[in-house]
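*Asks:* Next comes the structure file model.txt, holding compact mmCIF, C-alpha atoms.
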```txt
# COMPACT_ATOMS: atom_id res chain seq x y z
CA MET A 1 109.02 190.87 -47.19
CA ILE A 2 112.12 189.65 -45.30
CA LEU A 3 110.64 191.15 -42.13
CA ALA A 4 107.42 189.18 -42.59
CA ILE A 5 109.34 185.93 -43.08
CA ASP A 6 111.44 186.77 -40.03
CA ILE A 7 108.35 187.31 -37.89
CA VAL A 8 106.69 184.10 -39.10
CA LEU A 9 109.83 182.05 -38.43
CA LEU A 10 110.39 183.55 -34.98
CA VAL A 11 106.74 183.00 -33.99
CA LEU A 12 106.98 179.38 -35.17
CA LEU A 13 110.22 179.06 -33.18
CA ALA A 14 108.48 180.29 -30.03
CA VAL A 15 105.51 177.96 -30.63
CA VAL A 16 107.80 174.95 -31.08
CA GLY A 17 109.78 175.93 -27.98
CA ILE A 18 106.67 176.16 -25.83
CA ALA A 19 105.37 172.88 -27.24
CA ILE A 20 108.67 171.18 -26.34
CA ILE A 21 108.31 172.40 -22.74
CA ARG A 22 104.65 171.41 -22.43
CA LEU A 23 104.72 167.98 -24.06
CA ARG A 24 105.41 164.86 -22.02
CA ASN A 25 105.68 162.51 -25.00
CA LEU A 26 109.44 162.38 -25.63
CA PHE A 27 109.05 161.04 -29.18
CA ALA A 28 107.12 164.19 -30.10
CA VAL A 29 109.72 166.31 -28.28
CA VAL A 30 112.54 164.79 -30.36
CA MET A 31 110.64 165.43 -33.59
CA LEU A 32 109.87 169.01 -32.51
CA SER A 33 113.51 169.70 -31.67
CA GLY A 34 114.34 168.57 -35.21
CA ILE A 35 111.79 171.08 -36.52
CA TYR A 36 113.30 173.73 -34.21
CA SER A 37 116.72 173.15 -35.82
CA LEU A 38 115.22 173.37 -39.30
CA LEU A 39 113.56 176.69 -38.42
CA MET A 40 116.88 177.94 -37.03
CA ALA A 41 118.55 176.92 -40.30
CA CYS A 42 115.97 179.00 -42.21
CA ILE A 43 116.72 181.99 -39.96
CA PHE A 44 120.47 181.57 -40.56
CA VAL A 45 119.78 181.66 -44.31
CA LEU A 46 117.90 184.93 -43.84
CA LEU A 47 120.93 186.25 -41.92
CA ASP A 48 123.09 185.34 -44.97
CA ALA A 49 124.97 182.72 -42.95
CA VAL A 50 124.49 179.86 -45.42
CA ASP A 51 127.41 177.81 -44.11
CA VAL A 52 126.03 177.90 -40.58
CA ALA A 53 122.54 177.11 -41.88
CA PHE A 54 123.97 174.13 -43.72
CA THR A 55 125.58 172.79 -40.56
CA GLU A 56 122.48 173.43 -38.47
CA ALA A 57 120.25 171.57 -40.93
CA ALA A 58 122.61 168.61 -41.23
CA VAL A 59 123.67 168.27 -37.59
CA GLY A 60 120.69 169.69 -35.68
CA ALA A 61 117.83 168.43 -37.78
CA GLY A 62 119.50 165.30 -39.12
CA ILE A 63 122.07 163.55 -36.96
CA SER A 64 120.86 164.82 -33.55
CA THR A 65 117.33 163.63 -34.24
CA VAL A 66 118.58 160.17 -35.20
CA LEU A 67 120.80 159.97 -32.12
CA MET A 68 117.99 161.15 -29.83
CA LEU A 69 115.71 158.50 -31.33
CA GLY A 70 118.44 155.97 -30.63
CA VAL A 71 118.55 157.10 -27.00
CA LEU A 72 114.75 157.02 -26.85
CA ALA A 73 114.78 153.37 -27.86
CA LEU A 74 116.83 152.69 -24.69
CA THR A 75 114.43 154.52 -22.33
CA LYS A 76 110.70 155.04 -21.88
CA ASN A 77 109.11 157.53 -24.22
CA ARG A 78 107.07 159.43 -21.62
CA GLU A 79 108.59 162.02 -19.35
CA LYS A 80 107.87 161.52 -15.64
CA ILE A 81 105.79 164.22 -13.96
CA PRO A 82 108.13 165.96 -11.49
CA VAL A 83 107.22 165.55 -7.81
CA THR A 84 108.65 168.90 -6.62
CA THR A 85 107.43 172.31 -7.70
CA PRO A 86 109.81 173.80 -10.27
CA LEU A 87 110.13 177.12 -8.37
CA LEU A 88 113.93 177.16 -7.94
CA PRO A 89 114.62 176.22 -11.59
CA LEU A 90 112.14 178.92 -12.69
CA VAL A 91 113.89 181.59 -10.60
CA THR A 92 117.30 180.45 -11.90
CA VAL A 93 116.13 180.61 -15.52
CA LEU A 94 114.51 184.02 -15.06
CA VAL A 95 117.61 185.51 -13.39
CA THR A 96 119.96 184.03 -16.01
CA GLY A 97 117.74 185.19 -18.84
CA GLY A 98 117.49 188.67 -17.32
CA LEU A 99 121.28 188.88 -17.01
CA LEU A 100 121.71 187.78 -20.63
CA ILE A 101 119.25 190.41 -21.86
CA TYR A 102 121.03 193.00 -19.69
CA GLY A 103 124.27 191.91 -21.37
CA THR A 104 122.87 192.54 -24.85
CA TRP A 105 122.45 196.25 -24.03
CA ASP A 106 126.22 196.64 -24.30
CA LEU A 107 126.44 194.82 -27.62
CA PRO A 108 126.74 196.89 -30.81
CA ALA A 109 123.53 197.09 -32.85
CA PHE A 110 122.87 194.21 -35.25
CA GLY A 111 124.67 194.77 -38.55
CA ASP A 112 126.51 197.85 -37.26
CA PRO A 113 129.50 198.27 -39.64
CA ASN A 114 131.45 200.06 -36.90
CA ALA A 115 131.22 197.17 -34.45
CA PRO A 116 134.70 196.17 -33.16
CA ILE A 117 134.47 192.71 -34.77
CA HIS A 118 134.11 194.29 -38.22
CA LEU A 119 137.11 196.58 -37.77
CA HIS A 120 139.87 194.17 -36.67
CA VAL A 121 141.03 191.57 -39.22
CA ALA A 122 137.74 191.06 -41.09
CA PRO A 123 138.30 193.90 -43.62
CA ALA A 124 141.73 192.49 -44.49
CA TYR A 125 140.28 189.01 -45.00
CA LEU A 126 137.48 190.36 -47.19
CA ALA A 127 139.82 192.53 -49.26
CA GLU A 128 142.72 190.10 -49.61
CA GLY A 129 141.05 186.70 -49.12
CA GLU A 130 140.29 185.79 -52.70
CA HIS A 131 143.57 187.27 -53.94
CA GLU A 132 145.67 185.47 -51.32
CA THR A 133 143.98 182.07 -51.18
CA GLY A 134 142.19 181.83 -54.52
CA ALA A 135 139.05 180.57 -52.77
CA PRO A 136 135.93 182.62 -53.66
CA ASN A 137 134.08 181.38 -50.57
CA ILE A 138 135.56 183.60 -47.87
CA VAL A 139 134.23 181.31 -45.13
CA THR A 140 136.33 178.43 -46.46
CA ALA A 141 139.34 180.72 -46.91
CA VAL A 142 139.14 181.85 -43.28
CA LEU A 143 138.29 178.41 -41.91
CA ALA A 144 140.90 176.35 -43.71
CA SER A 145 143.67 178.82 -44.47
CA TYR A 146 143.77 181.88 -42.19
CA ARG A 147 142.44 179.99 -39.19
CA GLY A 148 143.95 176.59 -39.98
CA TYR A 149 145.14 176.06 -36.40
CA ASP A 150 141.64 176.62 -34.98
CA THR A 151 140.11 174.18 -37.43
CA LEU A 152 142.76 171.60 -36.56
CA GLY A 153 141.71 172.07 -32.95
CA GLU A 154 138.04 171.58 -33.86
CA VAL A 155 138.81 168.37 -35.73
CA THR A 156 140.79 167.16 -32.73
CA VAL A 157 137.77 167.88 -30.51
CA ILE A 158 135.53 165.79 -32.80
CA PHE A 159 138.19 163.07 -32.86
CA THR A 160 138.32 163.06 -29.06
CA ALA A 161 134.52 163.00 -28.80
CA GLY A 162 134.30 160.03 -31.17
CA ILE A 163 136.97 158.08 -29.29
CA GLY A 164 135.28 158.92 -25.98
CA VAL A 165 131.87 157.68 -27.14
CA LEU A 166 133.49 154.56 -28.52
CA LEU A 167 135.26 153.77 -25.25
CA LEU A 168 132.24 154.54 -23.05
CA LEU A 169 129.53 152.79 -25.03
CA SER A 170 131.22 149.80 -26.59
CA GLY A 171 132.87 148.75 -23.32
CA GLY A 172 136.35 148.97 -24.76
CA LEU A 173 137.64 148.03 -28.16
CA GLY A 174 138.69 144.51 -27.16
CA ARG A 175 135.22 143.13 -26.56
CA ARG A 176 133.94 144.08 -29.99
CA ARG A 177 136.75 142.14 -31.67
CA ARG A 178 135.82 138.96 -29.84
CA ASP A 179 132.18 139.14 -31.00
CA PRO A 180 131.68 136.14 -33.25
CA ASP A 181 130.95 137.50 -36.70
CA GLU A 182 128.02 135.72 -38.17
CA PRO A 183 128.90 134.01 -41.45
CA ASN A 184 128.13 136.50 -44.16
CA SER A 185 127.35 135.47 -47.69
CA GLY A 186 129.61 138.15 -49.13
CA GLY A 187 128.55 141.66 -50.12
CA GLY A 188 124.82 141.76 -49.54
CA GLY A 189 124.85 145.53 -49.68
CA ALA A 190 121.69 146.04 -51.71
CA SER A 191 119.71 142.97 -50.75
CA MET B 1 112.18 148.11 -40.57
CA LYS B 2 112.91 145.09 -42.76
CA HIS B 3 109.27 144.62 -43.74
CA HIS B 4 108.50 148.18 -44.72
CA LEU B 5 108.64 148.39 -48.47
CA ILE B 6 108.28 152.16 -48.92
CA PRO B 7 111.19 153.22 -46.65
CA ARG B 8 113.39 150.61 -48.31
CA VAL B 9 112.61 151.81 -51.82
CA ILE B 10 112.93 155.48 -50.87
CA ALA B 11 116.23 154.81 -49.09
CA LYS B 12 117.62 152.96 -52.10
CA LEU B 13 116.64 155.87 -54.32
CA THR B 14 117.99 158.63 -52.09
CA ILE B 15 121.21 157.19 -50.61
CA PRO B 16 123.27 157.50 -53.83
CA GLY B 17 122.07 161.08 -54.17
CA ILE B 18 122.97 161.87 -50.56
CA LEU B 19 126.49 160.46 -50.94
CA LEU B 20 127.02 162.28 -54.24
CA PHE B 21 125.76 165.54 -52.70
CA ALA B 22 128.17 165.04 -49.79
CA LEU B 23 131.08 164.70 -52.22
CA TYR B 24 129.91 167.84 -54.06
CA VAL B 25 129.74 169.80 -50.80
CA GLN B 26 133.16 168.42 -49.84
CA PHE B 27 135.04 169.33 -53.00
CA HIS B 28 133.08 172.45 -53.93
CA GLY B 29 133.60 174.08 -50.53
CA ASP B 30 136.08 176.60 -51.99
CA TYR B 31 133.44 178.00 -54.32
CA GLY B 32 130.10 177.60 -52.57
CA PRO B 33 128.70 177.08 -49.11
CA GLY B 34 129.88 173.98 -47.37
CA GLY B 35 133.11 172.23 -46.57
CA GLY B 36 134.48 169.32 -44.65
CA PHE B 37 132.22 169.55 -41.59
CA GLN B 38 128.96 169.66 -43.52
CA ALA B 39 130.10 167.10 -46.10
CA GLY B 40 131.21 164.70 -43.39
CA VAL B 41 127.88 164.94 -41.63
CA ILE B 42 125.92 164.43 -44.87
CA PHE B 43 128.13 161.49 -45.88
CA GLY B 44 127.67 159.92 -42.45
CA ALA B 45 123.91 160.56 -42.64
CA GLY B 46 123.74 158.56 -45.87
CA PHE B 47 125.25 155.53 -44.13
CA ILE B 48 123.09 156.08 -41.03
CA LEU B 49 119.97 156.08 -43.22
CA TYR B 50 121.16 152.79 -44.69
CA GLY B 51 121.65 151.40 -41.19
CA LEU B 52 118.22 152.60 -40.05
CA VAL B 53 116.38 151.00 -42.95
CA PHE B 54 118.38 147.86 -43.67
CA GLY B 55 119.55 147.07 -40.14
CA LEU B 56 122.81 147.37 -38.23
CA GLU B 57 124.16 144.02 -39.44
CA ASN B 58 124.02 145.12 -43.07
CA LEU B 59 125.57 148.48 -42.19
CA ARG B 60 128.44 146.64 -40.46
CA LYS B 61 129.00 144.66 -43.67
CA VAL B 62 129.11 147.83 -45.79
CA ALA B 63 131.17 149.84 -43.30
CA PRO B 64 133.09 147.49 -40.96
CA PRO B 65 133.47 149.17 -37.54
CA GLN B 66 137.23 148.53 -37.41
CA ILE B 67 137.78 150.41 -40.67
CA VAL B 68 135.43 153.27 -39.70
CA THR B 69 137.22 153.59 -36.34
CA ALA B 70 140.57 153.76 -38.11
CA PHE B 71 139.28 156.53 -40.39
CA ILE B 72 138.56 158.71 -37.30
CA ALA B 73 142.31 158.96 -36.87
CA VAL B 74 143.11 159.08 -40.61
CA GLY B 75 141.32 162.41 -41.01
CA VAL B 76 143.16 164.12 -38.16
CA LEU B 77 146.48 162.67 -39.36
CA LEU B 78 145.82 163.92 -42.90
CA TYR B 79 145.14 167.42 -41.54
CA GLY B 80 148.20 167.40 -39.31
CA GLY B 81 150.25 165.78 -42.08
CA VAL B 82 149.63 168.70 -44.43
CA GLY B 83 151.09 170.95 -41.74
CA VAL B 84 154.13 168.70 -41.32
CA VAL B 85 154.72 168.61 -45.10
CA SER B 86 154.56 172.40 -45.31
CA GLN B 87 157.06 172.53 -42.43
CA ILE B 88 159.41 170.10 -44.17
CA LEU B 89 159.24 172.27 -47.28
CA GLY B 90 160.55 175.15 -45.21
CA ALA B 91 157.46 177.22 -44.36
CA ASN B 92 155.38 177.64 -41.22
CA TYR B 93 153.05 174.89 -39.99
CA LEU B 94 149.91 174.78 -42.20
CA ASP B 95 151.27 177.43 -44.60
CA TYR B 96 149.98 176.04 -47.90
CA ASP B 97 151.81 178.41 -50.24
CA VAL B 98 154.90 176.19 -50.41
CA LEU B 99 152.94 173.12 -51.58
CA SER B 100 153.10 174.33 -55.18
CA ALA B 101 155.21 176.85 -57.04
CA VAL B 102 152.27 178.10 -59.11
CA ASP B 103 150.26 180.97 -57.67
CA HIS B 104 147.24 179.83 -55.59
CA ASP B 105 147.72 176.15 -56.47
CA GLY B 106 149.37 175.48 -53.13
CA GLN B 107 146.50 177.17 -51.28
CA HIS B 108 143.96 175.20 -53.32
CA LEU B 109 145.74 171.90 -52.66
CA GLY B 110 146.20 172.65 -48.97
CA ILE B 111 142.58 173.69 -48.43
CA LEU B 112 141.37 170.63 -50.38
CA LEU B 113 143.46 168.18 -48.33
CA VAL B 114 142.67 169.83 -45.02
CA GLU B 115 138.94 169.86 -45.74
CA LEU B 116 139.18 166.23 -46.82
CA GLY B 117 140.75 165.41 -43.47
CA VAL B 118 137.93 167.23 -41.67
CA GLY B 119 135.32 165.40 -43.76
CA ILE B 120 136.83 161.95 -43.16
CA THR B 121 137.01 162.43 -39.39
CA VAL B 122 133.51 163.91 -39.08
CA ALA B 123 131.90 161.19 -41.23
CA ALA B 124 133.71 158.42 -39.35
CA VAL B 125 132.79 159.88 -35.94
CA MET B 126 129.11 160.23 -36.92
CA MET B 127 128.97 156.65 -38.15
CA THR B 128 130.83 155.37 -35.08
CA ILE B 129 128.49 157.17 -32.69
CA PHE B 130 125.45 155.78 -34.51
CA MET B 131 126.81 152.25 -34.65
CA THR B 132 127.79 152.16 -30.97
CA PHE B 133 124.40 153.62 -29.93
CA ALA B 134 122.45 151.24 -32.16
CA GLY B 135 124.65 148.35 -31.02
CA ARG B 136 123.43 148.91 -27.43
CA LEU B 137 119.82 148.26 -28.39
CA ARG B 138 120.20 144.52 -28.68
```
Could the structure of this file be written out as structure tokens, please?
*Replies:*
Amino acid sequence: MILAIDIVLLVLLAVVGIAIIRLRNLFAVVMLSGIYSLLMACIFVLLDAVDVAFTEAAVGAGISTVLMLGVLALTKNREKIPVTTPLLPLVTVLVTGGLLIYGTWDLPAFGDPNAPIHLHVAPAYLAEGEHETGAPNIVTAVLASYRGYDTLGEVTVIFTAGIGVLLLLSGGLGRRRRDPDEPNSGGGGAS
Amino acid sequence: MKHHLIPRVIAKLTIPGILLFALYVQFHGDYGPGGGFQAGVIFGAGFILYGLVFGLENLRKVAPPQIVTAFIAVGVLLYGGVGVVSQILGANYLDYDVLSAVDHDGQHLGILLVELGVGITVAAVMMTIFMTFAGRLR
């Protein structure tokens, strides 16, 4: 049963991917990439990675789609037909893809309990996590407690990204302050 | 989208649910899937939906850009502050055990505050990115 769902999802993923390459209408491409993220989220659920699926659905299918639509409003919504033949990009993609597939030959088999990553600190976290942190969700225990430094780093990255976007797109903080605020009639939240 | 009745009604119905779900994901992260990153994104998405349907001006009234920008830093400071507090109490940076004498309470409190910091920063960054992008359209 799981195998059948896996196959259906992967086939849909391939179909959406090919459609994204073939289509020239960028609005449709943005919508399809949202669908691609949603399909990926479903696959993550099948892989028992619910936290990752959650993030993929919220960020990939939700926020990214909205931001891409925002960008689309600033440009035309049809992709230009390229004037040169895409031979060099095709060769580059094929070589890179071939190297990546070659690299997977050295990876341990999927779900192999003897893979190095499952033998280092993971058993200790799984055995001691709930006892040491009191958090039943081991992902949260690792993320916030055992790996607190890494998560602090991630938050700092998001912080930096937000500040960077703010500085680049709003033309500095000073200009926004000088914008004359139109007289508001107070509240107006649910009008 | 000011003249479209159906999106407005649907948005009004769903936004409270989205925000409530974000808070659930935020504070239930210890026990179920989710945590600060996901909750922040969902919380920000609720406000972005409001901005999409009711316009950027109304969103700026609900969430003034100056305050949202400040909250980007508040989240990181809250996260780092938990580490400083644990250091002042005599333990390593971000060691939550010293935050409370009772078993596990310190870990619970530390994880809660740290995840809250993550959520605040992520939500504020998402809203800021949307508002600056949408602000360019005019």
*Asks:* Pull out every residue of chain A that has at least one atom within 9 Å of chain B, counting all atoms listed in the file, and report them as a ChimeraX atom specification.
*Replies:* /A:50-52,54-55,58-59,62-63,66-67,70-71,73-74,131-141,144-145,148-149,151-152,154-156,158-159,161-163,165-166,169-170,177,184,186-191
*Asks:* Could you check how far atom CA of A:Leu167 sits from atom CA of A:Ala61, in Å to one decimal?
*Replies:*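 Separating atom CA of A:Leu167 from atom CA of A:Ala61 is a distance of 26.0 Å.
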*Asks:* List the spatial neighbours of A:Gly17 as an MDAnalysis selection string - criterion: any atom at most 10 Å away, all atoms listed in the file, same-chain residues fewer than 4 positions off excluded.
*Replies:* chainID A and resid 11:13 21:22 29 32:33 36
*Asks:* In Å, with one decimal, what is the gap from atom CA of A:Leu39 to atom CA of A:Val93?
*Replies:*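 About the pair atom CA of A:Leu39 and atom CA of A:Val93: they are 23.4 Å apart.
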*Asks:* What is the atom CA of A:Lys80-atom CA of A:Thr92 distance in Å, reported with one decimal?
*Replies:*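 Value for the atom CA of A:Lys80-atom CA of A:Thr92 distance: 21.5 Å.
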*Asks:* With a distance cut-off of 10 Å and only C-alpha atoms, select the neighbouring residues of B:Phe21, excluding the residue or stretch itself and same-chain residues fewer than 5 positions from it, and output the selection as a list in words.
*Replies:*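 Non-adjacent residues within range: Ile15, Pro16, Gln26, Ala39, Ile42, Phe43 and Gly46 of chain B.
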*Asks:* For A:Leu47, list every protein, DNA or RNA residue within 12 Å, evaluated using all atoms listed in the file, and leave out those in the same chain fewer than 3 positions away; present the list as a PyMOL selection string.
*Replies:* chain A and resi 2-3+5-6+40-44+50-53+110-111
